[in-house]
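Worksheet for the structure shown next.
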Amino acid sequence: MKSNYSLDDLRCFCAIVKLGSFKKASESLDMPLSTLSPRIRQLEKDLQLRLLNRDAHRVTLTHTGEQYYNRYCTLFDELNCIALDLSEDKEQPKGKIKISAPIYLGKHLLSAIFCDFLLQHPEIQLDLRFSNDLIDIEEQGIDIAFRIRNPGIDDWVVRQLKLTRNLLCCHPSQLIEHITHPEQLEGYSKITCVGLVPWQLENQLTGEKCDYQPNNLVRLEVDEIQMVTYAVKTGLGISYIPDYIALPMIEQGALKRILPDWQSEEQAFSMHYRDRKNMPLRVRLFIEYALQHLT
């Protein structure tokens, strides 16, 4: 028996058996009857086995044909289900999206977007991976990655989103009005966040730049900005905090800004995804939603 027989011919054979006739199978397969019949003859020739008994009124299975049908019909049914599920990726908003983001960005700037999007699409699930490490997003099967100040990935689309800045902040009761330059921070306690060192600052009036290294009197070093913010609120020291976190807290009186003329340069906040065209509908919908709220 030849081992290179056509699986598509076997699919046609299963359709004939399931529907009970060549004519119905040709209609279901959208294949001319003049094409279907020779394909079944070729399959029997390749297998060197007779699968069907044909007469003027009906088609019946041989014993061997029954064995082949019982084995292969479930396989083709499963393949049809797989094809249907995959086609739904293009047509229906359902399934899982795997997203990575920096810890502080994901919790503070993106959390509302994630939750609001899920409320609008009850059949979509988000698998969120928060990390300040530059992870291998291809190896981990990430669909969408949010990044700040990190390089792009070959063959991935990069969409620029809102620009962010970092500000110097302290407890509202701290006396800092006499400070006029970042270098004068040496004698003050500090809290640092992994990934946000050095404190890159630029004077908005003069254009002077200063990469301040907070090496002295560091009371706390963490990799999570929420802890940094809490430590500043309790008066443990000065820190360098993203504006989307700091500004609302300054307005509420929970933090005070140091050196208001100094802040970081605008930082590129971007969304990365693999393909503009060949993507599941759920991924496309999230990208459109994120762009609507973050640009």
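Residue numbering restarts at 1 for every chain of the structure tokens, chains are lettered A, B, ... in their displayed order, and ligands are numbered from 1 as they appear.
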
Near-Ser28 of chain A list (9 Å; only C-alpha atoms; drop same-chain fewer than 5 positions) as a ChimeraX atom specification: /A:15,19,23

Can you write just those residues out, N, CA and C atoms, as an mmCIF file, in the first residue's frame?
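So the final result, stored in part04.cif, reads:
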data_model
loop_
_atom_site.group_PDB
_atom_site.id
_atom_site.type_symbol
_atom_site.label_atom_id
_atom_site.label_comp_id
_atom_site.auth_asym_id
_atom_site.auth_seq_id
_atom_site.Cartn_x
_atom_site.Cartn_y
_atom_site.Cartn_z
ATOM 1 N N ALA A 15 -16.948 12.323 3.524
ATOM 2 C CA ALA A 15 -18.131 13.130 3.223
ATOM 3 C C ALA A 15 -19.173 12.299 2.473
ATOM 4 N N LEU A 19 -22.868 11.558 4.115
ATOM 5 C CA LEU A 19 -24.054 12.109 3.455
ATOM 6 C C LEU A 19 -24.825 11.060 2.651
ATOM 7 N N LYS A 23 -23.564 12.579 -4.952
ATOM 8 C CA LYS A 23 -24.156 13.856 -5.332
ATOM 9 C C LYS A 23 -24.210 14.825 -4.150
#

Backbone DSSP call of alpha helix (DSSP H) for segment 69-281 of chain A, listed as a ChimeraX atom specification: /A:69-91,103-105,111-120,225-233,243-252,281

Selection: 8 Å around Leu217 of chain A, only C-alpha atoms, excl. self and same-chain fewer than 3 positions, as number ranges by chain: A: 186-190, 214

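Distances from A:Tyr289, A:His171, A:Asp55, A:Gly253 to Cys115 of chain A were compared using only C-alpha atoms, and the smallest one belongs to A:Tyr289.
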
Option closest in space to Gly106 of chain A, from A:Glu251, A:Glu224, A:Glu265, A:Asp30 [counting only C-alpha atoms]: A:Glu224

Which of segment 22-241 of chain A fall in strand (DSSP E), as a count of residues only: 55

Within 12 Å of segment 195-209 of chain A using only C-alpha atoms, minus same-chain residues under 2 positions, as a ChimeraX atom specification: /A:102-104,131-134,148-150,165-169,180-183,185,190-193,211-215,221-225,228,238-242,258-267

Residue among A:Lys256, A:Gln226, A:Arg219, A:Leu128 lying closest to Leu175 of chain A, counting only C-alpha atoms: A:Lys256
